[in-house]
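Colleague: Structure file protein_1.cif (mmCIF, C-alpha atoms) right here:
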```cif
data_structure
loop_
_atom_site.label_atom_id
_atom_site.label_comp_id
_atom_site.auth_asym_id
_atom_site.auth_seq_id
_atom_site.Cartn_x
_atom_site.Cartn_y
_atom_site.Cartn_z
CA MET A 1 206.49 112.95 88.60
CA THR A 2 206.41 109.62 90.31
CA ALA A 3 203.52 107.31 90.79
CA THR A 4 203.38 108.36 94.44
CA ASP A 5 202.85 111.97 93.60
CA PRO A 6 199.57 113.08 95.22
CA ASN A 7 198.64 114.90 92.09
CA CYS A 8 198.94 111.90 89.88
CA GLY A 9 195.26 111.06 90.32
CA ASP A 10 194.13 114.47 89.02
CA PRO A 11 193.89 114.42 85.26
CA LYS A 12 194.32 118.17 85.16
CA ARG A 13 197.67 117.86 86.87
CA PHE A 14 198.98 115.68 84.06
CA MET A 15 198.59 118.45 81.56
CA PRO A 16 201.94 120.15 81.01
CA ARG A 17 201.69 123.80 82.01
CA SER A 18 203.98 126.70 81.38
CA PRO A 19 205.79 128.25 84.29
CA ARG A 20 203.51 131.30 84.05
CA THR A 21 200.30 129.38 84.16
CA ALA A 22 201.63 127.19 86.92
CA ILE A 23 201.87 130.14 89.29
CA GLU A 24 198.34 131.46 88.43
CA PRO A 25 195.49 130.44 90.80
CA ASP A 26 192.99 127.80 89.71
CA THR A 27 189.69 129.04 88.27
CA VAL A 28 186.68 128.44 90.51
CA GLU A 29 183.31 127.80 88.82
CA VAL A 30 180.68 130.45 89.54
CA PRO A 31 177.46 128.98 91.08
CA THR A 32 174.49 128.92 88.72
CA ARG A 33 172.00 131.63 89.55
CA ARG A 34 168.22 130.80 89.80
CA SER A 35 166.26 131.91 86.83
CA ALA A 36 164.19 135.02 87.04
CA ARG A 37 161.06 132.91 86.38
CA ALA A 38 161.66 130.70 89.45
CA ARG A 39 161.96 133.82 91.60
CA HIS A 40 158.72 135.34 90.22
CA PRO A 41 156.17 136.21 93.00
CA LEU A 42 153.39 134.32 91.27
CA VAL A 43 155.44 131.14 91.33
CA VAL A 44 156.19 131.59 95.00
CA ILE A 45 152.50 132.17 95.77
CA GLY A 46 151.50 129.18 93.65
CA ASN A 47 153.89 126.93 95.52
CA ALA A 48 152.48 128.19 98.79
CA ILE A 49 148.93 127.56 97.66
CA ILE A 50 149.77 124.04 96.55
CA SER A 51 151.37 123.39 99.90
CA ILE A 52 148.27 124.70 101.66
CA PHE A 53 146.01 122.52 99.52
CA VAL A 54 148.09 119.48 100.26
CA LEU A 55 147.91 120.28 103.95
CA LEU A 56 144.16 120.82 103.77
CA ALA A 57 143.70 117.56 101.88
CA VAL A 58 145.59 115.73 104.58
CA LEU A 59 143.51 117.42 107.27
CA ALA A 60 140.29 116.68 105.34
CA GLY A 61 141.26 113.05 105.06
CA VAL A 62 141.86 112.88 108.79
CA VAL A 63 138.57 114.63 109.53
CA LEU A 64 136.70 112.39 107.08
CA PHE A 65 138.19 109.30 108.65
CA ILE A 66 137.26 110.41 112.15
CA GLY A 67 133.83 111.64 111.02
CA THR A 68 133.08 108.34 109.30
CA GLN A 69 133.88 106.49 112.48
CA HIS A 70 131.50 108.72 114.46
CA PHE A 71 128.89 108.52 111.67
CA ASP A 72 128.78 104.73 111.87
CA ALA A 73 129.18 104.43 115.63
CA PRO A 74 126.16 103.41 117.80
CA GLY A 75 124.07 106.39 118.86
CA PRO A 76 123.00 107.55 122.33
CA LEU A 77 119.32 106.53 122.13
CA PRO A 78 118.70 104.04 124.98
CA GLN A 79 115.46 102.60 123.54
CA ASP A 80 113.23 102.82 120.47
CA ARG A 81 111.60 106.23 120.12
CA ILE A 82 109.08 107.86 117.80
CA VAL A 83 110.02 111.41 116.77
CA ASN A 84 107.91 113.82 114.77
CA ILE A 85 109.78 116.07 112.34
CA PRO A 86 107.47 118.99 111.49
CA HIS A 87 106.80 120.05 107.93
CA GLY A 88 109.03 122.85 106.72
CA SER A 89 111.99 121.76 108.86
CA GLY A 90 115.41 122.44 107.37
CA MET A 91 118.57 120.42 107.85
CA ARG A 92 119.63 122.30 110.98
CA ASP A 93 116.08 122.19 112.37
CA ILE A 94 116.03 118.42 111.95
CA ALA A 95 119.41 118.13 113.66
CA ASP A 96 118.07 120.19 116.58
CA VAL A 97 114.95 118.03 116.90
CA LEU A 98 116.97 114.82 116.84
CA THR A 99 119.42 116.19 119.41
CA ARG A 100 116.60 117.36 121.68
CA GLU A 101 114.94 113.94 121.48
CA GLY A 102 118.20 112.17 122.30
CA VAL A 103 118.45 110.37 118.96
CA ILE A 104 121.85 111.96 118.17
CA ASP A 105 124.41 113.82 120.24
CA GLN A 106 126.63 115.20 117.47
CA PRO A 107 124.46 117.46 115.31
CA TRP A 108 127.39 118.78 113.27
CA VAL A 109 128.46 115.27 112.35
CA PHE A 110 124.84 114.66 111.27
CA ILE A 111 124.88 117.80 109.12
CA GLY A 112 128.28 116.89 107.68
CA GLY A 113 127.11 113.38 106.85
CA VAL A 114 124.01 114.73 105.09
CA LEU A 115 126.16 117.07 103.00
CA VAL A 116 128.72 114.39 102.13
CA LEU A 117 125.93 112.02 101.09
CA LYS A 118 124.27 114.84 99.10
CA ALA A 119 121.05 113.98 100.90
CA ARG A 120 119.94 117.44 101.94
CA GLU A 121 117.05 117.52 99.47
CA GLY A 122 116.01 114.02 100.46
CA LEU A 123 115.23 114.88 104.09
CA LYS A 124 111.47 114.49 104.61
CA ALA A 125 109.16 115.63 107.36
CA GLY A 126 107.11 113.00 109.13
CA GLU A 127 106.84 110.75 112.14
CA TYR A 128 109.74 108.31 112.39
CA GLU A 129 110.60 105.45 114.69
CA PHE A 130 114.30 105.25 115.49
CA LYS A 131 115.70 102.05 116.95
CA ALA A 132 117.80 102.05 120.09
CA HIS A 133 121.42 103.08 119.50
CA SER A 134 120.79 103.91 115.85
CA SER A 135 123.94 105.27 114.22
CA LEU A 136 123.89 108.61 112.43
CA ARG A 137 123.98 106.72 109.15
CA ASP A 138 120.88 104.74 110.21
CA VAL A 139 119.12 107.93 111.25
CA VAL A 140 119.82 109.66 107.94
CA ALA A 141 118.76 106.56 105.97
CA THR A 142 115.49 106.32 107.90
CA ILE A 143 114.59 109.93 107.10
CA ILE A 144 115.72 109.83 103.46
CA GLU A 145 113.79 106.62 102.77
CA GLY A 146 110.67 108.12 104.33
CA LYS A 147 110.10 105.25 106.75
CA VAL A 148 107.32 107.09 108.54
CA VAL A 149 105.22 105.48 111.27
CA ALA A 150 101.96 104.05 109.92
CA HIS A 151 98.77 104.54 111.93
CA GLN A 152 95.49 102.71 111.40
CA VAL A 153 91.83 103.49 111.74
CA SER A 154 89.33 100.63 111.53
CA ILE A 155 85.80 101.30 110.35
CA PRO A 156 83.56 98.25 110.92
CA GLU A 157 80.73 97.35 108.58
CA GLY A 158 77.25 98.51 109.46
CA LEU A 159 78.00 102.01 110.79
CA THR A 160 76.09 105.00 109.53
CA SER A 161 77.99 107.95 108.09
CA GLN A 162 77.27 109.93 111.22
CA GLN A 163 78.76 107.17 113.38
CA ILE A 164 81.85 106.98 111.13
CA VAL A 165 82.36 110.74 111.44
CA THR A 166 82.15 110.39 115.23
CA ARG A 167 84.78 107.64 115.14
CA LEU A 168 87.15 109.67 112.94
CA SER A 169 86.67 112.73 115.14
CA ALA A 170 87.76 110.71 118.17
CA ASP A 171 91.05 109.68 116.53
CA ASP A 172 93.75 111.89 118.05
CA VAL A 173 96.25 111.38 115.21
CA LEU A 174 94.05 112.68 112.41
CA THR A 175 93.77 116.45 112.12
CA GLY A 176 91.17 118.97 111.04
CA ASP A 177 87.39 118.88 111.13
CA ILE A 178 84.83 117.22 108.86
CA LYS A 179 82.71 119.90 107.26
CA ALA A 180 79.59 117.84 106.56
CA ILE A 181 78.23 114.33 107.16
CA PRO A 182 78.85 112.29 103.97
CA ALA A 183 75.94 110.72 102.16
CA GLU A 184 74.74 107.46 103.69
CA GLY A 185 76.34 104.46 102.00
CA SER A 186 79.12 106.50 100.36
CA LEU A 187 81.92 105.25 102.65
CA LEU A 188 83.58 101.83 102.42
CA PRO A 189 84.20 100.21 105.82
CA ASP A 190 87.74 98.89 106.06
CA THR A 191 91.03 99.32 107.92
CA TYR A 192 92.95 102.29 106.56
CA ASN A 193 96.64 103.06 107.07
CA PHE A 194 97.72 106.69 107.29
CA THR A 195 100.56 108.85 108.54
CA ARG A 196 100.52 111.70 111.01
CA GLY A 197 99.38 114.89 109.36
CA VAL A 198 96.57 113.33 107.33
CA THR A 199 93.31 115.24 107.83
CA ARG A 200 89.91 113.78 108.58
CA GLU A 201 88.58 115.24 105.34
CA GLN A 202 91.32 113.39 103.44
CA MET A 203 90.33 110.16 105.17
CA ILE A 204 86.70 110.71 104.19
CA GLU A 205 87.81 111.22 100.58
CA ARG A 206 89.82 107.98 100.67
CA MET A 207 86.83 106.05 101.98
CA GLN A 208 84.56 107.55 99.32
CA GLN A 209 87.00 106.73 96.54
CA ALA A 210 87.40 103.17 97.84
CA GLN A 211 83.61 102.76 97.91
CA GLN A 212 83.23 104.07 94.37
CA ARG A 213 85.88 101.67 93.06
CA ALA A 214 84.33 98.71 94.90
CA VAL A 215 80.78 99.47 93.71
CA GLU A 216 81.89 99.94 90.09
CA GLU A 217 83.78 96.65 90.11
CA ILE A 218 81.00 94.66 91.83
CA TRP A 219 78.24 96.22 89.71
CA GLU A 220 80.16 95.22 86.59
CA HIS A 221 80.05 91.56 87.70
CA ARG A 222 76.47 91.46 89.06
CA SER A 223 74.00 88.68 88.38
CA PRO A 224 72.28 89.27 85.02
CA ASP A 225 68.73 88.85 86.40
CA LEU A 226 69.19 91.18 89.37
CA PRO A 227 66.05 93.36 89.74
CA LEU A 228 68.11 96.51 90.32
CA LYS A 229 68.52 99.37 87.88
CA THR A 230 71.43 101.39 89.30
CA PRO A 231 74.55 100.94 91.42
CA GLU A 232 72.87 103.16 94.01
CA GLN A 233 70.10 100.58 94.41
CA LEU A 234 72.77 97.91 94.85
CA VAL A 235 74.26 99.87 97.75
CA THR A 236 70.80 100.27 99.30
CA LEU A 237 70.07 96.54 99.08
CA ALA A 238 73.55 95.74 100.46
CA SER A 239 72.90 98.04 103.42
CA LEU A 240 69.82 95.97 104.34
CA VAL A 241 71.85 92.77 104.08
CA GLU A 242 74.56 94.33 106.25
CA LYS A 243 72.12 95.19 109.03
CA GLU A 244 70.22 91.89 108.91
CA THR A 245 73.14 89.51 109.45
CA GLY A 246 76.73 89.58 110.56
CA LYS A 247 77.44 85.99 109.54
CA SER A 248 79.42 85.65 106.33
CA ASP A 249 77.74 82.40 105.29
CA GLU A 250 74.27 83.99 105.51
CA ARG A 251 74.72 87.16 103.51
CA SER A 252 73.97 85.68 100.09
CA ARG A 253 70.84 83.91 101.41
CA VAL A 254 69.54 87.05 103.10
CA ALA A 255 70.17 88.92 99.85
CA ALA A 256 68.31 86.18 97.99
CA VAL A 257 65.25 86.61 100.22
CA PHE A 258 65.14 90.34 99.47
CA VAL A 259 65.71 89.81 95.75
CA ASN A 260 63.02 87.13 95.57
CA ARG A 261 60.59 89.46 97.31
CA LEU A 262 61.44 92.31 94.94
CA LYS A 263 60.75 90.05 91.97
CA GLN A 264 57.36 89.09 93.43
CA ASN A 265 56.48 92.68 94.42
CA MET A 266 56.39 91.71 98.11
CA ARG A 267 57.28 94.23 100.77
CA LEU A 268 60.72 93.66 102.17
CA GLN A 269 59.64 94.13 105.82
CA SER A 270 63.12 94.58 107.27
CA ASP A 271 63.27 95.66 110.91
CA PRO A 272 66.45 97.80 110.50
CA THR A 273 64.53 100.04 108.09
CA ILE A 274 62.04 100.79 110.85
CA ILE A 275 64.88 101.89 113.13
CA TYR A 276 66.56 104.04 110.48
CA GLY A 277 63.27 105.71 109.68
CA LEU A 278 62.91 106.65 113.35
CA VAL A 279 66.46 107.73 114.28
CA GLY A 280 68.28 108.26 110.97
CA GLY A 281 72.05 108.47 111.18
CA LYS A 282 72.17 107.80 114.92
CA GLY A 283 71.93 104.16 113.94
CA THR A 284 70.48 102.64 117.12
CA LEU A 285 67.09 102.99 118.75
CA GLY A 286 68.35 102.23 122.25
CA ARG A 287 65.36 99.99 122.97
CA PRO A 288 63.31 97.26 121.28
CA ILE A 289 60.95 98.17 118.46
CA MET A 290 57.38 98.72 119.63
CA LYS A 291 54.48 97.14 117.78
CA SER A 292 53.03 100.55 117.00
CA GLU A 293 56.27 101.54 115.27
CA ILE A 294 56.09 98.64 112.84
CA SER A 295 53.19 100.28 111.04
CA GLN A 296 54.38 103.85 111.61
CA PRO A 297 54.89 105.46 108.19
CA THR A 298 58.39 106.72 107.40
CA PRO A 299 60.16 106.97 104.02
CA TYR A 300 62.38 104.03 105.05
CA ASN A 301 59.92 101.67 106.76
CA THR A 302 59.73 98.67 104.41
CA TYR A 303 56.75 97.35 106.34
CA VAL A 304 54.85 100.32 104.90
CA ILE A 305 56.53 101.20 101.60
CA ASN A 306 56.92 99.02 98.54
CA GLY A 307 60.32 98.06 97.17
CA LEU A 308 63.65 99.40 98.40
CA PRO A 309 63.89 102.38 100.75
CA PRO A 310 64.93 105.69 99.14
CA GLY A 311 68.57 105.20 100.10
CA PRO A 312 71.02 103.12 102.15
CA ILE A 313 70.48 102.75 105.88
CA THR A 314 74.17 102.16 106.63
CA ASN A 315 77.56 101.85 104.94
CA PRO A 316 77.79 98.24 103.74
CA GLY A 317 81.08 96.41 103.45
CA ARG A 318 82.44 94.70 100.38
CA ALA A 319 81.07 91.28 101.40
CA SER A 320 77.50 92.59 101.63
CA LEU A 321 77.88 94.43 98.31
CA GLU A 322 79.03 91.22 96.64
CA ALA A 323 76.18 89.25 98.25
CA ALA A 324 73.63 91.79 97.00
CA ALA A 325 75.10 91.70 93.49
CA ASN A 326 75.19 87.89 93.36
CA PRO A 327 72.60 86.46 95.77
CA ALA A 328 72.15 82.75 96.35
CA ARG A 329 69.94 80.85 93.93
CA THR A 330 67.05 80.00 96.25
CA ARG A 331 63.26 80.34 96.44
CA GLU A 332 63.34 81.46 100.05
CA LEU A 333 61.08 84.34 101.01
CA TYR A 334 61.44 84.34 104.82
CA PHE A 335 64.03 84.15 107.56
CA VAL A 336 63.92 84.40 111.33
CA ALA A 337 66.49 84.24 114.10
CA ASP A 338 67.42 80.76 115.26
CA GLY A 339 68.27 81.71 118.86
CA THR A 340 72.01 81.20 118.42
CA GLY A 341 72.94 84.36 116.50
CA GLY A 342 72.06 83.04 113.06
CA HIS A 343 68.87 82.62 111.04
CA VAL A 344 66.69 79.85 109.62
CA PHE A 345 65.18 80.32 106.17
CA ALA A 346 61.89 79.24 104.66
CA GLU A 347 60.23 79.18 101.26
CA THR A 348 56.64 79.21 102.52
CA TYR A 349 54.78 81.07 105.20
CA GLU A 350 53.83 77.78 106.87
CA GLN A 351 57.50 76.81 107.23
CA GLN A 352 58.21 80.26 108.58
CA GLN A 353 55.48 79.92 111.21
CA ARG A 354 56.99 76.67 112.42
CA ASN A 355 60.41 78.31 112.62
CA VAL A 356 58.92 81.18 114.62
CA ALA A 357 57.22 78.76 117.01
CA ARG A 358 60.54 76.98 117.50
CA LEU A 359 62.22 80.32 118.27
CA ARG A 360 59.53 81.21 120.82
CA SER A 361 60.04 77.87 122.52
CA ILE A 362 63.78 78.55 122.76
CA GLU A 363 63.11 82.02 124.16
CA THR A 364 60.74 80.59 126.77
CA ASP A 365 63.21 77.92 127.84
CA GLN A 366 65.97 80.50 128.20
CA LYS A 367 63.71 82.80 130.18
CA ASP A 368 62.76 79.98 132.53
CA GLN A 369 66.46 79.33 133.18
CA VAL A 370 67.04 82.88 134.40
CA PRO A 371 67.07 83.15 138.24
CA ILE A 372 64.05 84.95 139.75
CA ASP A 373 66.23 87.79 141.08
CA ASP A 374 67.68 88.35 137.59
CA GLN A 375 64.21 88.46 136.08
CA MET A 376 63.08 91.05 138.62
CA ASN A 377 66.18 93.20 137.97
CA SER A 378 66.03 92.91 134.18
CA PRO A 379 65.14 95.98 132.07
CA GLN A 380 61.41 96.52 131.67
CA PRO A 381 59.63 97.60 128.48
CA PRO A 382 59.88 101.35 127.88
CA GLN A 383 57.08 103.56 129.12
CA GLY A 384 54.22 103.64 126.65
CA ALA A 385 54.96 100.24 125.18
CA SER A 386 51.99 97.95 124.93
CA ALA A 387 51.95 94.32 125.99
CA ASN A 388 52.44 93.37 122.36
CA SER A 389 55.59 95.45 121.96
CA VAL A 390 58.54 93.68 120.48
CA VAL A 391 60.59 93.24 123.65
CA PRO A 392 63.01 90.26 123.63
CA PRO A 393 63.38 88.16 126.77
CA PRO A 394 65.99 89.60 129.20
CA ALA A 395 68.28 86.57 128.95
CA LEU A 396 68.48 86.71 125.15
CA PRO A 397 71.05 88.76 123.29
CA PRO A 398 69.64 91.05 120.57
CA LEU A 399 68.62 88.94 117.58
CA ARG A 400 67.93 90.27 114.12
CA GLY A 401 64.58 89.45 112.58
CA THR A 402 63.00 87.82 115.66
CA ALA A 403 59.71 89.69 115.32
CA LYS A 404 59.14 89.83 111.60
CA PRO A 405 56.75 86.98 110.71
CA GLN A 406 54.28 87.28 113.55
CA HIS A 407 53.15 90.84 112.82
CA VAL A 408 52.35 90.91 109.14
CA PRO A 409 51.25 87.83 107.24
CA GLY A 410 53.75 87.15 104.56
CA GLY A 411 56.39 89.27 106.32
CA LEU A 412 59.95 88.26 106.87
#
```
Kindly present the structure from the file in structure tokens form.
Modeller:
Amino acid sequence: MTATDPNCGDPKRFMPRSPRTAIEPDTVEVPTRRSARARHPLVVIGNAIISIFVLLAVLAGVVLFIGTQHFDAPGPLPQDRIVNIPHGSGMRDIADVLTREGVIDQPWVFIGGVLVLKAREGLKAGEYEFKAHSSLRDVVATIIEGKVVAHQVSIPEGLTSQQIVTRLSADDVLTGDIKAIPAEGSLLPDTYNFTRGVTREQMIERMQQAQQRAVEEIWEHRSPDLPLKTPEQLVTLASLVEKETGKSDERSRVAAVFVNRLKQNMRLQSDPTIIYGLVGGKGTLGRPIMKSEISQPTPYNTYVINGLPPGPITNPGRASLEAAANPARTRELYFVADGTGGHVFAETYEQQQRNVARLRSIETDQKDQVPIDDQMNSPQPPQGASANSVVPPPALPPLRGTAKPQHVPGGL
């Protein structure tokens, strides 16, 4: 066999073979058969399931990618809007409300996002403000974090409990009715924040609790020589201070006048107690006090009774409570309006008389400056009022304490 023999490259051809074996056909290898285990139905099904899972995972990834883009995309809301989600609303109910209000336009993406974030239990009812073009992620975050809209109700100092109930009843965000008028002086005037769904009774309870905390704290730090025996008396004294002056720099001096009078067993002679004795919780008389009413006996009229009235005549604020608990250190026993909205104070009745004369001079000058037509058209004293009734000049605004010293010697 030469080197050019085509069979020289086959190692099997180099093996010397007998003539018999040379004429026999070459043996062909039989293909290997798959094992019985590989052809088992369970294996086939398992492979199919794995393939399906892989396919589903790919599809889920695609859906998650697309959903995330929609979840973070700006929403359809053209401008800020407040939406109320009622109590008891489920996830689908919330999605319907948001869709109806135009906050979202893909409710199923909203539901999917809530489920992915595992925030279903965190969805809270309430009133929410959604910003313009809020994304679904922003919407979900706002609800989960409970960023509800805060409302306010302001209760000014000096209102009676009946007047406060009227104010709360007029608030169209609060719900429910108030069963009974709270005790006078049991509510703390302030500005209160609340959310939609809060009842009027709950607001009354908040105001009562705030008043109790304030009185306990202030009573604990009262002046040691205060002639008061109970926190209830403190509230009563503070209610007189509240009605006598609205100026912050006068409260402690007004309180001092009342405290000094209590220590000397002098009648307090406070005009607001006359009014409360006549009209109670209505708060205002609607006209000037008549001279005959100054001596008219009522349980609250401090021109007639000794000491404090039997209870508060209004709901005093914290500033008046603090002034009553820690009055100024003075010997003053009198005060009268100064014609400018404030008061002048005096230690003796003679000083008080001079202050009253000065006030009358101011009133006369102001009356003389009023045009004749205005004087003729000004309100006249009510029917039945005598010439000595306490009727302020038409040009003067209502002044507290203008009539006190001239009626009763030694009065305020």
Colleague: Using the chain letters and numbers from the file, give me the residues hit by the PyMOL selection byres ((chain A and resi 207) around 12), as an NGL selection string.
Modeller: :A and (153-155 or 161 or 164-165 or 168 or 182-183 or 185-193 or 200-206 or 208-214 or 315 or 317)
Colleague: Residues within 9 Å of (121.9, 108.9, 116.6), file coordinates, counting all atoms listed in the file: what are they? Give the list as a list in words.
Modeller: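 Residues found, by chain and rising number: Phe71, Ala73, Pro74, Gly75, Pro76, Leu77, Leu98, Thr99, Gly102, Val103, Ile104, Asp105, Gln106, Phe110, Phe130, Ala132, His133, Ser134, Ser135, Leu136, Arg137, Asp138, Val139 and Val140 of chain A.
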Colleague: Might you spell out which residues the PyMOL selection byres ((chain A and resi 262) around 10) would select in the displayed file, as number ranges by chain?
Modeller: A: 226-228, 256-261, 263-268, 306-308
Colleague: Could you save those same residues with C-alpha atoms as a PDB file, in the coordinates of the input?
Modeller:
```
ATOM      1  CA  LEU A 226      69.190  91.180  89.370  1.00  0.00           C
ATOM      2  CA  PRO A 227      66.050  93.360  89.740  1.00  0.00           C
ATOM      3  CA  LEU A 228      68.110  96.510  90.320  1.00  0.00           C
ATOM      4  CA  ALA A 256      68.310  86.180  97.990  1.00  0.00           C
ATOM      5  CA  VAL A 257      65.250  86.610 100.220  1.00  0.00           C
ATOM      6  CA  PHE A 258      65.140  90.340  99.470  1.00  0.00           C
ATOM      7  CA  VAL A 259      65.710  89.810  95.750  1.00  0.00           C
ATOM      8  CA  ASN A 260      63.020  87.130  95.570  1.00  0.00           C
ATOM      9  CA  ARG A 261      60.590  89.460  97.310  1.00  0.00           C
ATOM     10  CA  LYS A 263      60.750  90.050  91.970  1.00  0.00           C
ATOM     11  CA  GLN A 264      57.360  89.090  93.430  1.00  0.00           C
ATOM     12  CA  ASN A 265      56.480  92.680  94.420  1.00  0.00           C
ATOM     13  CA  MET A 266      56.390  91.710  98.110  1.00  0.00           C
ATOM     14  CA  ARG A 267      57.280  94.230 100.770  1.00  0.00           C
ATOM     15  CA  LEU A 268      60.720  93.660 102.170  1.00  0.00           C
ATOM     16  CA  ASN A 306      56.920  99.020  98.540  1.00  0.00           C
ATOM     17  CA  GLY A 307      60.320  98.060  97.170  1.00  0.00           C
ATOM     18  CA  LEU A 308      63.650  99.400  98.400  1.00  0.00           C
TER      19      LEU A 308
END
```
Colleague: When distances are computed from only C-alpha atoms, which of A:Arg253, A:Lys243, A:Arg120, A:Lys147 shows the smallest separation from Pro327 in chain A?
Modeller: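 Among the listed residues, the smallest separation from Pro327 in chain A belongs to A:Arg253.
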Colleague: Could you check how far CA of Ile50 in chain A sits from CA of Leu117 in chain A, in Å to one decimal?
Modeller: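 Computing the Euclidean distance for CA of Ile50 in chain A and CA of Leu117 in chain A yields 27.1 Å.
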Colleague: Using the chain letters and numbers from the file, give me the residues hit by the PyMOL selection byres ((chain A and resi 312) around 7), as an MDAnalysis selection string.
Modeller: chainID A and resid 184:185 235:236 239 311 313:314
Colleague: Just the number, please: distance in Å from CA of Thr273 in chain A to CA of Tyr300 in chain A, one decimal.
Modeller: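 Here the two named atoms are 5.5 Å from each other.
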Colleague: What gap, in Å, lies between CA of Tyr303 in chain A and CA of Gly339 in chain A?
Modeller: 23.1 Å
Colleague: What lies within 7 Å of range 352-357 of chain A using all atoms listed in the file, ignoring chain neighbours under 5 positions off, as a list in words?
Modeller: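 Those residues are Tyr334, Val336 and Ala346 of chain A.
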Colleague: Mind checking which residues fall within 12 Å of Val114 in chain A, counting all atoms listed in the file, ignoring those fewer than 5 positions away in the same chain, and posting them as a PyMOL selection string?
Modeller: chain A and resi 67-68+71+90-92+94-95+107-109+119-123+136-141+143-144
Colleague: Which residue gives the smallest distance to Gly341 in chain A among A:Lys282, A:Arg318, A:Lys247, A:Arg287, with only C-alpha atoms counted?
Modeller: A:Lys247
